[in-house]
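Shown below: model_18.cif, with mmCIF, C-alpha atoms.
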```cif
data_run
#
loop_
_atom_site.group_PDB
_atom_site.id
_atom_site.type_symbol
_atom_site.label_atom_id
_atom_site.label_comp_id
_atom_site.auth_asym_id
_atom_site.auth_seq_id
_atom_site.Cartn_x
_atom_site.Cartn_y
_atom_site.Cartn_z
ATOM 1 C CA ALA C 37 0.000 0.000 0.000
ATOM 2 C CA HIS C 38 2.817 2.402 0.847
ATOM 3 C CA ALA C 39 4.651 1.632 -2.390
ATOM 4 C CA MET C 40 1.440 2.356 -4.327
ATOM 5 C CA GLY C 41 1.230 5.811 -2.773
ATOM 6 C CA PHE C 42 -1.549 5.303 -0.273
ATOM 7 C CA LYS C 43 -1.411 7.575 2.776
ATOM 8 C CA SER C 44 -3.393 5.329 5.112
ATOM 9 C CA VAL C 45 -4.829 1.850 5.583
ATOM 10 C CA GLN C 46 -7.926 0.598 7.380
ATOM 11 C CA LEU C 47 -7.751 -2.258 9.866
ATOM 12 C CA GLN C 48 -10.596 -4.709 10.430
ATOM 13 C CA LYS C 49 -8.714 -7.288 12.482
ATOM 14 C CA TYR C 50 -5.459 -7.134 14.349
ATOM 15 C CA PRO C 51 -2.383 -7.601 12.140
ATOM 16 C CA ASN C 52 -2.119 -11.216 13.326
ATOM 17 C CA GLY C 53 -5.523 -11.885 11.735
ATOM 18 C CA SER C 54 -7.435 -12.451 14.955
ATOM 19 C CA GLY C 55 -9.755 -10.376 17.100
ATOM 20 C CA GLY C 56 -7.150 -9.599 19.740
ATOM 21 C CA PRO C 57 -3.576 -8.293 19.986
ATOM 22 C CA LYS C 58 -0.603 -10.656 19.949
ATOM 23 C CA PRO C 59 3.153 -10.045 20.294
ATOM 24 C CA GLU C 60 3.736 -10.616 16.561
ATOM 25 C CA ASP C 61 1.651 -7.498 15.828
ATOM 26 C CA ASP C 62 4.554 -5.374 17.043
ATOM 27 C CA GLN C 63 6.353 -5.857 13.719
ATOM 28 C CA PHE C 64 3.353 -4.331 11.930
ATOM 29 C CA TRP C 65 3.094 -1.343 14.277
ATOM 30 C CA ARG C 66 6.834 -0.736 13.993
ATOM 31 C CA THR C 67 6.749 -0.912 10.200
ATOM 32 C CA ALA C 68 3.753 1.423 9.967
ATOM 33 C CA LEU C 69 5.592 4.000 12.066
ATOM 34 C CA ASP C 70 8.829 3.571 10.122
ATOM 35 C CA LEU C 71 6.985 4.113 6.812
ATOM 36 C CA GLY C 72 4.863 6.957 8.127
ATOM 37 C CA MET C 73 1.752 5.021 7.084
ATOM 38 C CA ALA C 74 -1.297 6.378 8.906
ATOM 39 C CA LEU C 75 -3.740 3.901 10.464
ATOM 40 C CA SER C 76 -7.394 4.795 9.993
ATOM 41 C CA PRO C 77 -9.901 2.181 11.188
ATOM 42 C CA HIS C 78 -13.604 2.771 10.690
ATOM 43 C CA LEU C 79 -15.333 2.449 14.075
ATOM 44 C CA ASN C 80 -12.954 -0.109 15.556
ATOM 45 C CA PHE C 81 -11.008 -3.240 14.663
ATOM 46 C CA GLY C 82 -10.480 -6.632 16.230
ATOM 47 C CA GLY C 83 -13.294 -8.588 17.808
ATOM 48 C CA GLU C 84 -15.448 -8.957 20.878
ATOM 49 C CA VAL C 85 -13.475 -8.877 24.122
ATOM 50 C CA TRP C 86 -13.682 -12.175 26.011
ATOM 51 C CA ARG C 87 -16.334 -12.150 28.725
ATOM 52 C CA GLY C 88 -16.400 -15.836 29.608
ATOM 53 C CA ASP C 89 -19.474 -17.998 29.224
ATOM 54 C CA PRO C 90 -22.966 -16.474 29.645
ATOM 55 C CA ARG C 91 -23.017 -17.254 33.379
ATOM 56 C CA ALA C 92 -19.449 -16.227 34.129
ATOM 57 C CA ASP C 93 -18.944 -13.860 37.040
ATOM 58 C CA THR C 94 -17.384 -10.508 36.189
ATOM 59 C CA SER C 95 -14.252 -11.490 38.106
ATOM 60 C CA GLN C 96 -13.601 -14.170 35.462
ATOM 61 C CA TRP C 97 -13.667 -11.714 32.559
ATOM 62 C CA SER C 98 -10.590 -10.419 30.828
ATOM 63 C CA ALA C 99 -9.270 -7.094 32.067
ATOM 64 C CA GLU C 100 -10.314 -5.328 28.867
ATOM 65 C CA ALA C 101 -13.828 -6.781 29.160
ATOM 66 C CA ALA C 102 -14.234 -5.476 32.694
ATOM 67 C CA MET C 103 -12.868 -2.104 31.659
ATOM 68 C CA THR C 104 -15.453 -1.793 28.882
ATOM 69 C CA GLN C 105 -18.508 -3.477 30.361
ATOM 70 C CA HIS C 106 -20.329 -0.122 30.544
ATOM 71 C CA THR C 107 -18.907 1.228 27.285
ATOM 72 C CA PRO C 108 -20.209 -0.972 24.461
ATOM 73 C CA MET C 109 -19.669 1.817 21.958
ATOM 74 C CA ALA C 110 -16.735 1.786 19.550
ATOM 75 C CA PRO C 111 -13.796 2.111 19.778
ATOM 76 C CA ALA C 112 -13.723 1.392 23.529
ATOM 77 C CA ALA C 113 -13.016 -2.340 23.228
ATOM 78 C CA THR C 114 -10.256 -1.883 20.669
ATOM 79 C CA MET C 115 -8.513 0.779 22.718
ATOM 80 C CA ALA C 116 -8.900 -1.209 25.944
ATOM 81 C CA GLN C 117 -7.247 -4.205 24.302
ATOM 82 C CA MET C 118 -4.349 -2.079 23.114
ATOM 83 C CA ILE C 119 -4.012 -0.453 26.536
ATOM 84 C CA VAL C 120 -4.152 -3.656 28.589
ATOM 85 C CA HIS C 121 -1.665 -5.441 26.307
ATOM 86 C CA GLY C 122 0.819 -2.573 26.540
ATOM 87 C CA VAL C 123 0.885 -1.701 22.838
ATOM 88 C CA PHE C 124 0.886 2.043 23.431
ATOM 89 C CA ASP C 125 3.591 1.757 26.081
ATOM 90 C CA ARG C 126 5.819 -0.002 23.540
ATOM 91 C CA PHE C 127 4.871 2.358 20.709
ATOM 92 C CA PRO C 128 4.180 5.801 22.193
ATOM 93 C CA SER C 129 3.961 7.378 18.704
ATOM 94 C CA LEU C 130 1.233 5.040 17.491
ATOM 95 C CA LYS C 131 -2.000 6.844 16.620
ATOM 96 C CA PHE C 132 -5.345 5.918 15.076
ATOM 97 C CA TYR C 133 -8.053 7.891 13.368
ATOM 98 C CA PHE C 134 -11.433 6.302 14.081
ATOM 99 C CA ALA C 135 -13.759 7.578 11.393
ATOM 100 C CA GLU C 136 -17.496 8.274 11.452
ATOM 101 C CA LEU C 137 -18.222 7.878 15.145
ATOM 102 C CA ASN C 138 -21.201 9.187 17.053
ATOM 103 C CA CYS C 139 -18.936 11.500 18.994
ATOM 104 C CA CYS C 140 -21.474 12.634 21.590
ATOM 105 C CA TYR C 141 -20.855 9.430 23.550
ATOM 106 C CA LEU C 142 -17.085 9.973 23.805
ATOM 107 C CA PRO C 143 -17.139 11.822 27.161
ATOM 108 C CA ALA C 144 -19.060 8.922 28.733
ATOM 109 C CA MET C 145 -16.737 6.372 27.151
ATOM 110 C CA LEU C 146 -13.703 8.012 28.731
ATOM 111 C CA PHE C 147 -15.411 8.295 32.110
ATOM 112 C CA TYR C 148 -16.410 4.629 32.266
ATOM 113 C CA LEU C 149 -13.053 3.363 31.038
ATOM 114 C CA ASP C 150 -11.355 5.104 33.965
ATOM 115 C CA ARG C 151 -14.009 4.239 36.522
ATOM 116 C CA ASN C 152 -14.093 0.545 35.632
ATOM 117 C CA TYR C 153 -10.320 0.287 35.564
ATOM 118 C CA HIS C 154 -10.178 1.416 39.178
ATOM 119 C CA GLU C 155 -13.391 -0.329 40.255
ATOM 120 C CA PHE C 156 -12.428 -3.812 39.085
ATOM 121 C CA ASN C 157 -8.652 -3.766 39.040
ATOM 122 C CA ASP C 158 -8.392 -5.671 42.324
ATOM 123 C CA TRP C 159 -9.322 -8.718 40.265
ATOM 124 C CA PHE C 160 -6.824 -8.154 37.463
ATOM 125 C CA ASN C 161 -3.961 -6.134 38.942
ATOM 126 C CA VAL C 162 -3.198 -4.413 35.665
ATOM 127 C CA GLU C 163 -0.865 -1.550 36.507
ATOM 128 C CA LEU C 164 -1.119 1.187 33.904
ATOM 129 C CA PRO C 165 1.328 4.118 33.770
ATOM 130 C CA LYS C 166 -1.565 6.386 32.714
ATOM 131 C CA GLU C 167 -5.322 6.514 33.042
ATOM 132 C CA PRO C 168 -7.161 4.642 30.265
ATOM 133 C CA SER C 169 -8.773 7.884 29.142
ATOM 134 C CA GLN C 170 -5.352 9.491 28.732
ATOM 135 C CA TYR C 171 -4.179 6.640 26.522
ATOM 136 C CA VAL C 172 -7.246 7.155 24.341
ATOM 137 C CA LEU C 173 -6.629 10.888 24.044
ATOM 138 C CA ASP C 174 -2.922 10.408 23.372
ATOM 139 C CA HIS C 175 -3.420 7.810 20.656
ATOM 140 C CA ALA C 176 -6.662 8.532 18.828
ATOM 141 C CA LEU C 177 -8.510 11.075 16.726
ATOM 142 C CA PHE C 178 -12.260 10.809 16.271
ATOM 143 C CA GLY C 179 -14.347 11.512 13.198
ATOM 144 C CA MET C 180 -17.507 13.532 13.694
ATOM 145 C CA VAL C 181 -20.195 13.681 11.027
ATOM 146 C CA GLY C 182 -23.508 15.368 11.787
ATOM 147 C CA ASP C 183 -23.199 15.211 15.573
ATOM 148 C CA ALA C 184 -22.699 18.920 16.170
ATOM 149 C CA GLN C 185 -23.726 18.561 19.830
ATOM 150 C CA ILE C 186 -20.229 17.325 20.684
ATOM 151 C CA LEU C 187 -19.028 20.894 20.140
ATOM 152 C CA GLN C 188 -21.076 21.899 23.200
ATOM 153 C CA MET C 189 -19.211 19.378 25.369
ATOM 154 C CA GLY C 190 -15.820 21.044 25.467
ATOM 155 C CA HIS C 191 -15.920 21.010 29.280
ATOM 156 C CA LEU C 192 -16.156 17.195 29.151
ATOM 157 C CA PHE C 193 -14.055 16.304 26.117
ATOM 158 C CA PRO C 194 -11.095 18.018 24.393
ATOM 159 C CA LEU C 195 -12.542 19.172 21.085
ATOM 160 C CA ASP C 196 -9.151 19.340 19.400
ATOM 161 C CA GLN C 197 -9.291 15.517 19.165
ATOM 162 C CA LEU C 198 -12.015 15.743 16.512
ATOM 163 C CA VAL C 199 -11.929 15.482 12.725
ATOM 164 C CA TRP C 200 -14.939 16.552 10.684
ATOM 165 C CA GLY C 201 -16.120 14.799 7.536
ATOM 166 C CA SER C 202 -19.211 15.088 5.343
ATOM 167 C CA ASP C 203 -19.759 11.294 5.330
ATOM 168 C CA PHE C 204 -20.761 11.416 1.665
ATOM 169 C CA PRO C 205 -22.874 9.666 0.408
ATOM 170 C CA HIS C 206 -24.519 8.352 3.589
ATOM 171 C CA SER C 207 -27.919 9.759 4.526
ATOM 172 C CA VAL C 208 -26.750 10.894 7.981
ATOM 173 C CA GLY C 209 -24.018 13.000 6.387
ATOM 174 C CA THR C 210 -24.176 16.659 5.463
ATOM 175 C CA TYR C 211 -24.057 16.406 1.647
ATOM 176 C CA PRO C 212 -25.275 18.308 -0.350
ATOM 177 C CA ASN C 213 -25.545 21.015 2.326
ATOM 178 C CA SER C 214 -22.054 20.733 3.789
ATOM 179 C CA LYS C 215 -21.087 24.391 3.343
ATOM 180 C CA GLU C 216 -24.277 25.527 5.055
ATOM 181 C CA TYR C 217 -23.698 23.005 7.839
ATOM 182 C CA LEU C 218 -20.149 24.234 8.382
ATOM 183 C CA ARG C 219 -21.227 27.871 8.577
ATOM 184 C CA LYS C 220 -23.980 27.073 11.063
ATOM 185 C CA THR C 221 -22.082 24.558 13.171
ATOM 186 C CA PHE C 222 -18.629 26.115 13.295
ATOM 187 C CA GLY C 223 -19.518 29.777 12.962
ATOM 188 C CA GLY C 224 -19.142 30.450 16.688
ATOM 189 C CA ILE C 225 -16.105 28.220 17.232
ATOM 190 C CA ASP C 226 -12.671 29.692 17.880
ATOM 191 C CA GLU C 227 -10.893 30.032 14.536
ATOM 192 C CA LYS C 228 -7.800 28.077 15.614
ATOM 193 C CA LEU C 229 -9.903 25.192 16.948
ATOM 194 C CA ARG C 230 -12.133 25.246 13.866
ATOM 195 C CA ARG C 231 -9.119 24.912 11.573
ATOM 196 C CA LYS C 232 -7.772 21.998 13.606
ATOM 197 C CA ILE C 233 -11.056 20.088 13.355
ATOM 198 C CA LEU C 234 -11.704 20.858 9.694
ATOM 199 C CA VAL C 235 -8.182 20.806 8.256
ATOM 200 C CA GLU C 236 -5.098 20.349 10.387
ATOM 201 C CA ASN C 237 -5.855 17.212 12.418
ATOM 202 C CA ILE C 238 -6.536 15.013 9.426
ATOM 203 C CA CYS C 239 -3.699 16.559 7.398
ATOM 204 C CA ASN C 240 -1.244 15.890 10.196
ATOM 205 C CA HIS C 241 -2.500 12.320 10.531
ATOM 206 C CA LEU C 242 -2.176 11.597 6.820
ATOM 207 C CA GLY C 243 1.027 13.546 6.275
ATOM 208 C CA LEU C 244 -0.588 16.150 4.014
ATOM 209 C CA ASP C 245 0.195 19.845 3.751
ATOM 210 C CA PRO C 246 -2.653 21.742 5.482
ATOM 211 C CA ASN C 247 -1.688 24.897 3.586
ATOM 212 C CA ALA C 248 -1.812 23.330 0.129
ATOM 213 C CA LYS C 249 -4.413 24.530 -2.330
ATOM 214 C CA ILE C 250 -7.638 22.545 -2.186
ATOM 215 C CA THR C 251 -8.303 20.536 -5.320
ATOM 216 C CA GLU C 252 -11.392 21.835 -7.055
ATOM 217 C CA THR C 253 -14.344 19.461 -6.849
ATOM 218 C CA PRO C 254 -15.057 18.058 -10.322
ATOM 219 C CA ALA C 255 -18.367 19.010 -11.856
ATOM 220 C CA ALA C 256 -21.056 16.356 -11.599
#
```
Representation of the structure as structure tokens:
Amino acid sequence: AHAMGFKSVQLQKYPNGSGGPKPEDDQFWRTALDLGMALSPHLNFGGEVWRGDPRADTSQWSAEAAMTQHTPMAPAATMAQMIVHGVFDRFPSLKFYFAELNCCYLPAMLFYLDRNYHEFNDWFNVELPKEPSQYVLDHALFGMVGDAQILQMGHLFPLDQLVWGSDFPHSVGTYPNSKEYLRKTFGGIDEKLRRKILVENICNHLGLDPNAKITETPAA
């Protein structure tokens, strides 16, 4: 993909081909960083975190399952797996762009990841150098679509973690009224923050020049 000129790849499973991280994945993460190849999953990647059989007590769950039992929304499970298995500690420069989320649930996701880590860690004794929420913020960007309400939650969630997209051609996206949406939604937002969400965050992730001229949209 890199040799063909692609700026990013999407993951559906872990590099080892399964639903969970394994030590052999480290070669993939290292190579992606060495090549400067951005990683851009959709909502998440991997699989369901192991929660035991249907009658299993919570104390028998995996650490990442306990951490995310109140956060079923993506990408909580994926990030919890990466956190618990120490991937971000081994690769502090690793970053993901999770596209097309319903971003209004992100403040709750961060809250419950931290709360459950402390609430249930007596069972698992997973010692993390940072709070789970801090790992998420250090290693992920989040794609917002039509969920403008997240911009009112700056006291609960750092808005400079967001990336806006029109989500064309999906019905929940803003096309063909994207310009009107941007004026209405971002009109009262600080100019520096607005530029980060609309331009700079995704350019930095993909290794693009945020000051380059925008290619004119071809006529229909």
To one decimal in Å, tell me the separation between atom CA of His78 of chain C and atom CA of Glu227 of chain C.
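About the pair atom CA of His78 of chain C and atom CA of Glu227 of chain C: they are 27.7 Å apart.
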Near Asp62 of chain C, counting all atoms listed in the file, which residues have an atom at most 9 Å away, once you skip same-chain residues fewer than 5 positions from it, shown as a list in words?
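Selected residues are Pro51, Thr67, Val123, Arg126 and Phe127 of chain C.
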Apply the PyMOL selection byres ((chain C and resi 44) around 9) to the displayed file and report the matching residues as a compact mmCIF listing (two decimals) with C-alpha atoms, keeping the file's coordinate frame.
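Wrote it out as part15.txt, contents follow:
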```
# COMPACT_ATOMS: atom_id res chain seq x y z
CA ALA C 37 0.00 0.00 0.00
CA HIS C 38 2.82 2.40 0.85
CA PHE C 42 -1.55 5.30 -0.27
CA LYS C 43 -1.41 7.58 2.78
CA VAL C 45 -4.83 1.85 5.58
CA GLN C 46 -7.93 0.60 7.38
CA GLY C 72 4.86 6.96 8.13
CA MET C 73 1.75 5.02 7.08
CA ALA C 74 -1.30 6.38 8.91
CA LEU C 75 -3.74 3.90 10.46
CA SER C 76 -7.39 4.80 9.99
CA HIS C 241 -2.50 12.32 10.53
CA LEU C 242 -2.18 11.60 6.82
```
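Proximity ranking of C:Val181, C:Met115, C:Leu142, C:Ala39 relative to Tyr211 of chain C places C:Val181 first, based on only C-alpha atoms.
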I want to know what sits within 12 Å of Glu163 of chain C, based on only C-alpha atoms, with residues of the same chain fewer than 5 positions away left out; could you give that as a VMD selection string?
chain C and resid 99 119 to 122 125 153 to 154 157 to 158 168
Carefully work through the PyMOL selection byres ((chain C and resi 200) around 12) for this structure and note down the residues it includes, as a PyMOL selection string.
chain C and resi 133-139+177-184+186-187+195-199+201-204+209-210+214+217-218+221-222+229-239
Output the selection as a short mmCIF file (atom, residue, chain, number, x, y, z; two decimals), keeping the file's coordinate frame - C-alpha atoms for each residue.
```cif
data_model
loop_
_atom_site.label_atom_id
_atom_site.label_comp_id
_atom_site.auth_asym_id
_atom_site.auth_seq_id
_atom_site.Cartn_x
_atom_site.Cartn_y
_atom_site.Cartn_z
CA TYR C 133 -8.05 7.89 13.37
CA PHE C 134 -11.43 6.30 14.08
CA ALA C 135 -13.76 7.58 11.39
CA GLU C 136 -17.50 8.27 11.45
CA LEU C 137 -18.22 7.88 15.14
CA ASN C 138 -21.20 9.19 17.05
CA CYS C 139 -18.94 11.50 18.99
CA LEU C 177 -8.51 11.08 16.73
CA PHE C 178 -12.26 10.81 16.27
CA GLY C 179 -14.35 11.51 13.20
CA MET C 180 -17.51 13.53 13.69
CA VAL C 181 -20.20 13.68 11.03
CA GLY C 182 -23.51 15.37 11.79
CA ASP C 183 -23.20 15.21 15.57
CA ALA C 184 -22.70 18.92 16.17
CA ILE C 186 -20.23 17.32 20.68
CA LEU C 187 -19.03 20.89 20.14
CA LEU C 195 -12.54 19.17 21.08
CA ASP C 196 -9.15 19.34 19.40
CA GLN C 197 -9.29 15.52 19.16
CA LEU C 198 -12.02 15.74 16.51
CA VAL C 199 -11.93 15.48 12.72
CA GLY C 201 -16.12 14.80 7.54
CA SER C 202 -19.21 15.09 5.34
CA ASP C 203 -19.76 11.29 5.33
CA PHE C 204 -20.76 11.42 1.66
CA GLY C 209 -24.02 13.00 6.39
CA THR C 210 -24.18 16.66 5.46
CA SER C 214 -22.05 20.73 3.79
CA TYR C 217 -23.70 23.00 7.84
CA LEU C 218 -20.15 24.23 8.38
CA THR C 221 -22.08 24.56 13.17
CA PHE C 222 -18.63 26.12 13.30
CA LEU C 229 -9.90 25.19 16.95
CA ARG C 230 -12.13 25.25 13.87
CA ARG C 231 -9.12 24.91 11.57
CA LYS C 232 -7.77 22.00 13.61
CA ILE C 233 -11.06 20.09 13.36
CA LEU C 234 -11.70 20.86 9.69
CA VAL C 235 -8.18 20.81 8.26
CA GLU C 236 -5.10 20.35 10.39
CA ASN C 237 -5.86 17.21 12.42
CA ILE C 238 -6.54 15.01 9.43
CA CYS C 239 -3.70 16.56 7.40
#
```
Padding of 4 Å on every side, edges along x, y and z, all listed atoms of segment 57-68 of chain C included: what centre and edge lengths in Å, to one decimal, does that box have, as AutoDock Vina command-line options?
```
--center_x 1.6 --center_y -4.6 --center_z 15.1 --size_x 18.4 --size_y 20.1 --size_z 18.3
```
At a cut-off of 12 Å around the point (0.9, -7.6, 14.4) (file coordinates), what residues fall inside when counting only C-alpha atoms? I'd like the answer as an NGL selection string.
:C and (47 or 49-68 or 82 or 118 or 123)
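Distance-wise, atom CA of Ala248 of chain C and atom CA of His206 of chain C end up 27.4 Å apart.
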